[in-house]
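Colleague: Contents are mmCIF, C-alpha atoms; chains and numbers go by the auth columns; file name structure_2.cif:
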```cif
data_upload
#
loop_
_atom_site.group_PDB
_atom_site.id
_atom_site.type_symbol
_atom_site.label_atom_id
_atom_site.label_comp_id
_atom_site.label_asym_id
_atom_site.label_seq_id
_atom_site.Cartn_x
_atom_site.Cartn_y
_atom_site.Cartn_z
_atom_site.B_iso_or_equiv
_atom_site.auth_seq_id
_atom_site.auth_asym_id
ATOM 1 C CA MET A 1 4.260 100.619 215.402 0.00 1 A
ATOM 2 C CA LYS A 2 4.647 102.080 211.924 0.00 2 A
ATOM 3 C CA HIS A 3 2.185 104.861 212.811 0.00 3 A
ATOM 4 C CA LEU A 4 4.139 105.578 215.987 0.00 4 A
ATOM 5 C CA LEU A 5 7.414 105.814 214.110 0.00 5 A
ATOM 6 C CA LEU A 6 5.969 108.081 211.448 0.00 6 A
ATOM 7 C CA LEU A 7 5.229 110.575 214.201 0.00 7 A
ATOM 8 C CA LEU A 8 8.959 110.916 214.661 0.00 8 A
ATOM 9 C CA ALA A 9 9.211 112.457 211.217 0.00 9 A
ATOM 10 C CA SER A 10 6.607 115.148 211.773 0.00 10 A
ATOM 11 C CA ALA A 11 7.675 118.758 212.244 0.00 11 A
ATOM 12 C CA SER A 12 5.505 119.015 215.355 0.00 12 A
ATOM 13 C CA LEU A 13 7.693 116.488 217.130 0.00 13 A
ATOM 14 C CA PHE A 14 10.512 118.991 217.371 0.00 14 A
ATOM 15 C CA ALA A 15 8.404 122.106 217.723 0.00 15 A
ATOM 16 C CA ALA A 16 9.315 122.397 221.404 0.00 16 A
ATOM 17 C CA ALA A 17 13.049 122.376 220.745 0.00 17 A
ATOM 18 C CA PRO A 18 14.828 125.693 221.479 0.00 18 A
ATOM 19 C CA SER A 19 16.891 125.279 218.328 0.00 19 A
ATOM 20 C CA HIS A 20 17.175 122.707 215.563 0.00 20 A
ATOM 21 C CA SER A 21 19.942 120.298 216.399 0.00 21 A
ATOM 22 C CA PRO A 22 19.911 116.565 215.666 0.00 22 A
ATOM 23 C CA ILE A 23 19.456 114.013 218.437 0.00 23 A
ATOM 24 C CA LEU A 24 22.080 111.248 218.620 0.00 24 A
ATOM 25 C CA VAL A 25 20.636 107.747 219.018 0.00 25 A
ATOM 26 C CA GLU A 26 23.095 104.923 219.703 0.00 26 A
ATOM 27 C CA LEU A 27 22.140 101.252 219.564 0.00 27 A
ATOM 28 C CA PHE A 28 24.342 98.648 221.228 0.00 28 A
ATOM 29 C CA THR A 29 23.533 95.416 219.422 0.00 29 A
ATOM 30 C CA SER A 30 24.917 92.059 218.312 0.00 30 A
ATOM 31 C CA GLU A 31 24.180 89.513 215.616 0.00 31 A
ATOM 32 C CA GLY A 32 24.616 86.863 218.294 0.00 32 A
ATOM 33 C CA CYS A 33 21.620 88.155 220.255 0.00 33 A
ATOM 34 C CA SER A 34 18.175 86.817 219.278 0.00 34 A
ATOM 35 C CA SER A 35 16.349 89.845 220.754 0.00 35 A
ATOM 36 C CA CYS A 36 18.421 92.355 218.760 0.00 36 A
ATOM 37 C CA PRO A 37 16.865 92.194 215.244 0.00 37 A
ATOM 38 C CA PRO A 38 13.695 94.112 216.294 0.00 38 A
ATOM 39 C CA ALA A 39 15.926 96.853 217.730 0.00 39 A
ATOM 40 C CA ASP A 40 17.988 96.914 214.520 0.00 40 A
ATOM 41 C CA LYS A 41 14.736 97.378 212.598 0.00 41 A
ATOM 42 C CA LEU A 42 13.614 100.200 214.891 0.00 42 A
ATOM 43 C CA LEU A 43 16.934 101.989 214.379 0.00 43 A
ATOM 44 C CA GLU A 44 16.494 101.612 210.625 0.00 44 A
ATOM 45 C CA GLN A 45 13.035 103.180 210.851 0.00 45 A
ATOM 46 C CA LEU A 46 14.368 106.075 212.915 0.00 46 A
ATOM 47 C CA ASP A 47 17.110 106.620 210.346 0.00 47 A
ATOM 48 C CA LYS A 48 14.566 106.640 207.530 0.00 48 A
ATOM 49 C CA ASP A 49 11.596 108.447 209.058 0.00 49 A
ATOM 50 C CA ALA A 50 13.232 111.071 211.275 0.00 50 A
ATOM 51 C CA ALA A 51 15.573 112.212 208.494 0.00 51 A
ATOM 52 C CA GLU A 52 17.700 115.164 209.618 0.00 52 A
ATOM 53 C CA ASP A 53 16.259 115.355 213.136 0.00 53 A
ATOM 54 C CA VAL A 54 17.882 112.147 214.388 0.00 54 A
ATOM 55 C CA ILE A 55 21.386 110.788 213.802 0.00 55 A
ATOM 56 C CA VAL A 56 21.716 107.057 214.460 0.00 56 A
ATOM 57 C CA LEU A 57 24.752 104.888 215.155 0.00 57 A
ATOM 58 C CA SER A 58 24.779 101.089 215.381 0.00 58 A
ATOM 59 C CA GLU A 59 27.576 99.890 217.675 0.00 59 A
ATOM 60 C CA HIS A 60 28.106 96.127 217.648 0.00 60 A
ATOM 61 C CA VAL A 61 29.515 94.745 220.896 0.00 61 A
ATOM 62 C CA ASP A 62 31.857 91.764 221.012 0.00 62 A
ATOM 63 C CA TYR A 63 30.841 89.960 224.219 0.00 63 A
ATOM 64 C CA TRP A 64 28.363 87.731 222.361 0.00 64 A
ATOM 65 C CA ASN A 65 31.018 86.411 219.996 0.00 65 A
ATOM 66 C CA HIS A 66 31.770 83.268 222.015 0.00 66 A
ATOM 67 C CA ILE A 67 28.146 82.041 221.852 0.00 67 A
ATOM 68 C CA GLY A 68 28.154 80.373 218.429 0.00 68 A
ATOM 69 C CA TRP A 69 28.558 83.349 216.069 0.00 69 A
ATOM 70 C CA ARG A 70 31.208 86.008 215.695 0.00 70 A
ATOM 71 C CA ASP A 71 29.561 89.281 214.705 0.00 71 A
ATOM 72 C CA PRO A 72 31.673 90.587 211.779 0.00 72 A
ATOM 73 C CA PHE A 73 30.894 94.196 212.754 0.00 73 A
ATOM 74 C CA SER A 74 31.742 93.852 216.443 0.00 74 A
ATOM 75 C CA SER A 75 34.550 95.516 218.366 0.00 75 A
ATOM 76 C CA ALA A 76 35.725 95.746 221.965 0.00 76 A
ATOM 77 C CA VAL A 77 35.700 99.530 221.454 0.00 77 A
ATOM 78 C CA TYR A 78 31.897 99.554 221.469 0.00 78 A
ATOM 79 C CA SER A 79 31.697 97.105 224.366 0.00 79 A
ATOM 80 C CA ASP A 80 33.941 99.421 226.381 0.00 80 A
ATOM 81 C CA ARG A 81 31.807 102.432 225.448 0.00 81 A
ATOM 82 C CA GLN A 82 28.694 100.593 226.575 0.00 82 A
ATOM 83 C CA ARG A 83 30.342 99.662 229.881 0.00 83 A
ATOM 84 C CA ALA A 84 31.195 103.311 230.419 0.00 84 A
ATOM 85 C CA TYR A 85 27.529 104.145 229.871 0.00 85 A
ATOM 86 C CA ALA A 86 26.554 101.411 232.341 0.00 86 A
ATOM 87 C CA SER A 87 28.716 103.091 234.963 0.00 87 A
ATOM 88 C CA HIS A 88 27.241 106.473 234.091 0.00 88 A
ATOM 89 C CA PHE A 89 23.663 105.189 234.354 0.00 89 A
ATOM 90 C CA ARG A 90 24.528 103.050 237.396 0.00 90 A
ATOM 91 C CA ILE A 91 23.459 99.838 235.707 0.00 91 A
ATOM 92 C CA GLU A 92 24.814 96.626 237.210 0.00 92 A
ATOM 93 C CA SER A 93 25.660 95.003 233.865 0.00 93 A
ATOM 94 C CA VAL A 94 25.562 95.662 230.140 0.00 94 A
ATOM 95 C CA TYR A 95 22.852 94.149 227.947 0.00 95 A
ATOM 96 C CA THR A 96 21.644 94.030 224.365 0.00 96 A
ATOM 97 C CA PRO A 97 19.826 95.529 222.686 0.00 97 A
ATOM 98 C CA GLN A 98 20.344 98.837 224.463 0.00 98 A
ATOM 99 C CA MET A 99 19.445 102.229 223.010 0.00 99 A
ATOM 100 C CA VAL A 100 20.983 105.440 224.361 0.00 100 A
ATOM 101 C CA VAL A 101 19.463 108.789 223.369 0.00 101 A
ATOM 102 C CA ASP A 102 21.711 111.856 223.547 0.00 102 A
ATOM 103 C CA GLY A 103 23.704 110.262 226.367 0.00 103 A
ATOM 104 C CA VAL A 104 20.925 110.949 228.888 0.00 104 A
ATOM 105 C CA ALA A 105 18.377 108.136 228.476 0.00 105 A
ATOM 106 C CA GLU A 106 18.832 104.382 228.136 0.00 106 A
ATOM 107 C CA PHE A 107 16.304 101.597 227.592 0.00 107 A
ATOM 108 C CA VAL A 108 15.683 98.318 225.783 0.00 108 A
ATOM 109 C CA GLY A 109 16.514 99.051 222.170 0.00 109 A
ATOM 110 C CA SER A 110 13.319 97.625 220.667 0.00 110 A
ATOM 111 C CA ASP A 111 11.001 99.826 222.764 0.00 111 A
ATOM 112 C CA ALA A 112 9.539 102.218 220.171 0.00 112 A
ATOM 113 C CA ARG A 113 7.406 104.122 222.674 0.00 113 A
ATOM 114 C CA GLN A 114 10.357 104.809 224.928 0.00 114 A
ATOM 115 C CA ALA A 115 12.433 105.822 221.913 0.00 115 A
ATOM 116 C CA ARG A 116 9.817 108.369 220.891 0.00 116 A
ATOM 117 C CA SER A 117 9.488 109.725 224.428 0.00 117 A
ATOM 118 C CA SER A 118 13.252 110.013 224.905 0.00 118 A
ATOM 119 C CA ILE A 119 13.746 111.744 221.558 0.00 119 A
ATOM 120 C CA LEU A 120 10.960 114.197 222.378 0.00 120 A
ATOM 121 C CA ASN A 121 12.573 115.007 225.730 0.00 121 A
ATOM 122 C CA ALA A 122 16.019 115.408 224.172 0.00 122 A
ATOM 123 C CA ALA A 123 14.641 117.724 221.473 0.00 123 A
ATOM 124 C CA ARG A 124 13.529 120.190 224.138 0.00 124 A
ATOM 125 C CA LYS A 125 17.070 120.673 225.457 0.00 125 A
ATOM 126 C CA PRO A 126 19.305 123.391 223.950 0.00 126 A
ATOM 127 C CA LYS A 127 22.402 122.173 222.122 0.00 127 A
ATOM 128 C CA ALA A 128 25.416 123.712 220.454 0.00 128 A
ATOM 129 C CA GLY A 129 25.764 123.788 216.695 0.00 129 A
ATOM 130 C CA ILE A 130 28.284 121.599 214.906 0.00 130 A
ATOM 131 C CA ARG A 131 29.150 121.456 211.218 0.00 131 A
ATOM 132 C CA VAL A 132 30.919 118.763 209.212 0.00 132 A
ATOM 133 C CA THR A 133 32.198 120.000 205.842 0.00 133 A
ATOM 134 C CA SER A 134 34.033 118.137 203.119 0.00 134 A
ATOM 135 C CA LEU A 135 37.308 119.742 202.044 0.00 135 A
ATOM 136 C CA GLY A 136 37.960 117.189 199.310 0.00 136 A
ATOM 137 C CA GLU A 137 40.614 114.482 199.015 0.00 137 A
ATOM 138 C CA GLY A 138 39.319 112.707 202.126 0.00 138 A
ATOM 139 C CA LYS A 139 39.595 115.664 204.475 0.00 139 A
ATOM 140 C CA VAL A 140 36.767 117.147 206.533 0.00 140 A
ATOM 141 C CA ARG A 141 36.425 120.228 208.701 0.00 141 A
ATOM 142 C CA ILE A 142 34.723 119.971 212.100 0.00 142 A
ATOM 143 C CA GLU A 143 33.443 123.269 213.526 0.00 143 A
ATOM 144 C CA ALA A 144 31.455 123.555 216.748 0.00 144 A
ATOM 145 C CA ASP A 145 30.027 126.546 218.571 0.00 145 A
ATOM 146 C CA ALA A 146 31.281 127.448 222.045 0.00 146 A
ATOM 147 C CA ILE A 147 29.815 125.387 224.876 0.00 147 A
ATOM 148 C CA THR A 148 29.068 126.273 228.475 0.00 148 A
ATOM 149 C CA GLY A 149 29.528 124.224 231.620 0.00 149 A
ATOM 150 C CA GLN A 150 32.625 122.082 231.169 0.00 150 A
ATOM 151 C CA ASP A 151 35.072 120.845 228.552 0.00 151 A
ATOM 152 C CA ALA A 152 33.731 118.155 226.214 0.00 152 A
ATOM 153 C CA ASP A 153 35.205 115.332 224.155 0.00 153 A
ATOM 154 C CA VAL A 154 34.890 115.604 220.378 0.00 154 A
ATOM 155 C CA TYR A 155 34.262 112.333 218.533 0.00 155 A
ATOM 156 C CA LEU A 156 34.293 111.383 214.881 0.00 156 A
ATOM 157 C CA ALA A 157 32.526 108.228 213.698 0.00 157 A
ATOM 158 C CA ILE A 158 32.638 106.659 210.254 0.00 158 A
ATOM 159 C CA ALA A 159 29.679 104.351 209.685 0.00 159 A
ATOM 160 C CA ALA A 160 28.383 102.234 206.824 0.00 160 A
ATOM 161 C CA ASN A 161 24.967 103.344 205.619 0.00 161 A
ATOM 162 C CA GLY A 162 23.896 99.694 205.462 0.00 162 A
ATOM 163 C CA GLU A 163 25.278 96.208 206.046 0.00 163 A
ATOM 164 C CA THR A 164 23.730 92.774 205.483 0.00 164 A
ATOM 165 C CA SER A 165 24.787 89.499 207.029 0.00 165 A
ATOM 166 C CA ASN A 166 23.745 85.869 206.518 0.00 166 A
ATOM 167 C CA VAL A 167 24.105 84.468 210.007 0.00 167 A
ATOM 168 C CA LYS A 168 25.225 80.840 209.896 0.00 168 A
ATOM 169 C CA SER A 169 25.011 79.848 213.565 0.00 169 A
ATOM 170 C CA GLY A 170 24.195 81.026 217.071 0.00 170 A
ATOM 171 C CA GLU A 171 20.861 82.428 218.270 0.00 171 A
ATOM 172 C CA ASN A 172 20.140 84.043 214.888 0.00 172 A
ATOM 173 C CA GLY A 173 21.414 81.128 212.812 0.00 173 A
ATOM 174 C CA GLY A 174 19.745 80.947 209.393 0.00 174 A
ATOM 175 C CA ARG A 175 18.581 84.571 209.429 0.00 175 A
ATOM 176 C CA LYS A 176 19.538 87.359 207.057 0.00 176 A
ATOM 177 C CA LEU A 177 20.090 90.496 209.117 0.00 177 A
ATOM 178 C CA HIS A 178 20.258 94.096 207.917 0.00 178 A
ATOM 179 C CA HIS A 179 21.792 96.998 209.838 0.00 179 A
ATOM 180 C CA VAL A 180 22.056 100.755 209.278 0.00 180 A
ATOM 181 C CA ALA A 181 24.764 103.209 210.319 0.00 181 A
ATOM 182 C CA VAL A 182 27.154 100.438 211.366 0.00 182 A
ATOM 183 C CA VAL A 183 30.091 102.136 213.081 0.00 183 A
ATOM 184 C CA LYS A 184 33.441 101.207 211.548 0.00 184 A
ATOM 185 C CA THR A 185 35.607 103.603 213.537 0.00 185 A
ATOM 186 C CA LEU A 186 34.908 105.828 216.530 0.00 186 A
ATOM 187 C CA THR A 187 37.726 108.193 217.424 0.00 187 A
ATOM 188 C CA LYS A 188 38.193 111.005 219.903 0.00 188 A
ATOM 189 C CA ILE A 189 39.669 113.812 217.812 0.00 189 A
ATOM 190 C CA GLY A 190 40.003 116.571 220.372 0.00 190 A
ATOM 191 C CA THR A 191 38.597 118.558 223.263 0.00 191 A
ATOM 192 C CA ALA A 192 36.129 121.416 223.060 0.00 192 A
ATOM 193 C CA LYS A 193 37.101 123.930 225.735 0.00 193 A
ATOM 194 C CA LYS A 194 34.448 125.665 227.776 0.00 194 A
ATOM 195 C CA GLY A 195 33.579 129.025 226.215 0.00 195 A
ATOM 196 C CA GLU A 196 35.650 128.415 223.068 0.00 196 A
ATOM 197 C CA ALA A 197 34.588 127.409 219.563 0.00 197 A
ATOM 198 C CA PHE A 198 36.128 124.183 218.278 0.00 198 A
ATOM 199 C CA HIS A 199 37.756 123.873 214.866 0.00 199 A
ATOM 200 C CA LYS A 200 39.739 121.023 213.361 0.00 200 A
ATOM 201 C CA ASP A 201 40.573 119.691 209.890 0.00 201 A
ATOM 202 C CA ILE A 202 41.040 115.936 209.844 0.00 202 A
ATOM 203 C CA ASP A 203 41.677 113.105 207.403 0.00 203 A
ATOM 204 C CA ALA A 204 38.489 111.041 207.340 0.00 204 A
ATOM 205 C CA ARG A 205 38.586 108.990 204.175 0.00 205 A
ATOM 206 C CA THR A 206 35.409 107.060 203.529 0.00 206 A
ATOM 207 C CA GLN A 207 34.250 104.445 201.074 0.00 207 A
ATOM 208 C CA ASP A 208 31.087 104.532 199.000 0.00 208 A
ATOM 209 C CA GLY A 209 28.036 104.023 201.186 0.00 209 A
ATOM 210 C CA GLN A 210 29.563 105.469 204.356 0.00 210 A
ATOM 211 C CA ARG A 211 28.645 108.478 206.475 0.00 211 A
ATOM 212 C CA ILE A 212 30.619 110.723 208.816 0.00 212 A
ATOM 213 C CA VAL A 213 29.190 111.717 212.193 0.00 213 A
ATOM 214 C CA ALA A 214 30.749 114.210 214.619 0.00 214 A
ATOM 215 C CA PHE A 215 29.541 114.906 218.138 0.00 215 A
ATOM 216 C CA LEU A 216 30.507 116.664 221.367 0.00 216 A
ATOM 217 C CA GLN A 217 29.950 114.752 224.589 0.00 217 A
ATOM 218 C CA GLU A 218 30.393 115.518 228.254 0.00 218 A
ATOM 219 C CA ARG A 219 33.009 113.293 229.778 0.00 219 A
ATOM 220 C CA GLY A 220 31.717 110.222 231.542 0.00 220 A
ATOM 221 C CA PRO A 221 30.382 109.565 228.859 0.00 221 A
ATOM 222 C CA GLY A 222 27.589 112.020 229.515 0.00 222 A
ATOM 223 C CA ARG A 223 25.196 114.263 227.670 0.00 223 A
ATOM 224 C CA ILE A 224 25.572 114.888 223.941 0.00 224 A
ATOM 225 C CA LEU A 225 26.091 118.634 223.505 0.00 225 A
ATOM 226 C CA ALA A 226 26.111 118.731 219.683 0.00 226 A
ATOM 227 C CA ALA A 227 25.809 116.286 216.809 0.00 227 A
ATOM 228 C CA GLY A 228 26.121 116.584 213.055 0.00 228 A
ATOM 229 C CA LYS A 229 26.793 114.442 210.016 0.00 229 A
ATOM 230 C CA LEU A 230 28.080 114.601 206.472 0.00 230 A
#
```
Output the file's structure as structure tokens, nothing else.
Modeller:
Amino acid sequence: MKHLLLLLASASLFAAAPSHSPILVELFTSEGCSSCPPADKLLEQLDKDAAEDVIVLSEHVDYWNHIGWRDPFSSAVYSDRQRAYASHFRIESVYTPQMVVDGVAEFVGSDARQARSSILNAARKPKAGIRVTSLGEGKVRIEADAITGQDADVYLAIAANGETSNVKSGENGGRKLHHVAVVKTLTKIGTAKKGEAFHKDIDARTQDGQRIVAFLQERGPGRILAAGKL
């Protein structure tokens, strides 16, 4: 598996892409789910090995919280986002771990082969450019190139680079779990109009060890049209 993941970091992986633009990989996970730690580890490897070519987000759902352990990083916001994806992909019910690549492919989040295949496919699709720039004093500037097709939602996520938890009970009771890119807030900050560049300055104060991710997404939620991070 390590050899497979290292392929994600090679320049040849993205050689077929029309332009360099990061792929957004979302993992819906929970500390209450015994099958989630391998997916958490895969996301960590993608974050480490794929460097600037892949942007990862770990979104902890809350519907496992009643089964013996309350995930301290969970939120109904991420459960609702996953349900919206389920409707988009015409899936009967949500599940964990689930990985979503660029809003167009979903699969079991620990499947490294499918992750590689989906990232390769996404890298071949043209995307708009987006830039996240620090203005100082907690403010950032989000700038995105004009898009075609239809209007898109613009999202800003603040995520912790890493989090560790000593799980006391539930399916993972007694385990020490580590997560990367744990989403703390996910906010829609505007709308990118068809044929128009997007520009917005926003207060996005972070703490040490946190990252800022901005992305444009077709409504639905649908395809990721642009993604960038600070």
Colleague: Which residues would end up in the selection if the PyMOL selection byres ((chain A and resi 41-58) around 6) were applied here, given that I need the answer as JSON, numbers by chain?
Modeller: {"A": [8, 9, 22, 23, 24, 25, 26, 27, 38, 39, 40, 59, 180, 181, 182, 183]}
Colleague: Calculated over only C-alpha atoms, which of the candidates A:Ala86, A:Ile67, A:Ala204, A:Ile130 has the smallest distance to A:Leu216?
Modeller: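 That would be A:Ile130, the residue with the smallest distance to A:Leu216.
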Colleague: Can you work out which one of A:Gly129, A:Gly149, A:Gly220, A:Gly103 has the shortest atom-to-atom distance to A:Lys193, counting all atoms listed in the file?
Modeller: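 Of the candidates, the smallest distance to A:Lys193 is held by A:Gly149.
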Colleague: Considering all atoms listed in the file, state which residue in the set A:Arg211, A:Lys184, A:His66, A:Arg223 is at the smallest distance from A:Glu171.
Modeller: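 With all atoms listed in the file as the atom set, the closest residue is A:His66.
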Colleague: Tell me which residues the PyMOL selection byres ((chain A and resi 213) around 7) grabs here, as a list of chain:residue names.
Modeller: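 When the PyMOL selection byres ((chain A and resi 213) around 7) is applied to the shown file, the picked residues are A:Leu156, A:Ala157, A:Ile158, A:Arg211, A:Ile212, A:Ala214, A:Phe215, A:Gly228, A:Lys229, A:Leu230.
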Colleague: Report the distance between atom CA of A:Gln207 and atom CA of A:Tyr155 in Å, rounded to one decimal place.
Modeller: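 Answer for the atom CA of A:Gln207 to atom CA of A:Tyr155 separation: 19.2 Å.
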Colleague: Between atom CA of A:Ala115 and atom CA of A:Pro97, what distance in Å does the model show, to one decimal?
Modeller: 12.7 Å
Colleague: Which one of A:Ala76, A:Lys188, A:Ala105, A:Phe28 sits closest to A:Arg90 if you count all atoms listed in the file?
Modeller: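 Distance minimum relative to A:Arg90 lands on A:Ala105.
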Colleague: Can you work out which one of A:Thr148, A:Ser118, A:Asn65, A:Gln210 has the shortest atom-to-atom distance to A:Ala197, counting only C-alpha atoms?
Modeller: A:Thr148
Colleague: Rank nothing, just name the residue among A:Val101, A:Ala159, A:Thr206, A:Thr29 nearest to A:Ser117, using all atoms listed in the file.
Modeller: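 Under the stated criterion, the closest residue is A:Val101.
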Colleague: Can you turn the PyMOL selection byres ((chain A and resi 179) around 6) into a concrete residue list for this file, as a ChimeraX atom specification?
Modeller: /A:162-163,178,180
Colleague: Tell me, in Å to one decimal, how far atom CA of A:Leu177 is from atom CA of A:Ala160.
Modeller: 14.6 Å
Colleague: How would you write as a list in words the residues that get within 8 Å of (39.9, 115.9, 221.8) in the file's frame, counting only C-alpha atoms?
Modeller: Ala152, Asp153, Val154, Tyr155, Lys188, Ile189, Gly190, Thr191 and Ala192 of chain A
Colleague: Excluding A:Asp62 and its own-chain neighbours fewer than 6 positions away, which residues fall within 9 Å of it when counting only C-alpha atoms? Please give them as a list in words.
Modeller: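 Contacts, with the query itself left out: Ser30, Arg70, Asp71, Phe73, Ser74, Ser75, Ala76, Val77, Tyr78 and Ser79 of chain A.
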Colleague: Mind listing as a list in words all residues within 9 Å of (14.3, 100.6, 225.5), counting only C-alpha atoms?
Modeller: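 Those residues, ordered by chain and then number, are Ala39, Pro97, Gln98, Met99, Val100, Glu106, Phe107, Val108, Gly109, Ser110, Asp111, Ala112, Arg113, Gln114 and Ala115 of chain A.
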Colleague: Edge lengths and centre in Å to one decimal, as lines of an AutoDock Vina configuration file, of the axis-aligned box that encloses all listed atoms of stretch 188-193 of chain A with 6 Å added on every side?
Modeller:
```
center_x = 38.1
center_y = 117.5
center_z = 221.8
size_x = 15.9
size_y = 24.9
size_z = 19.9
```
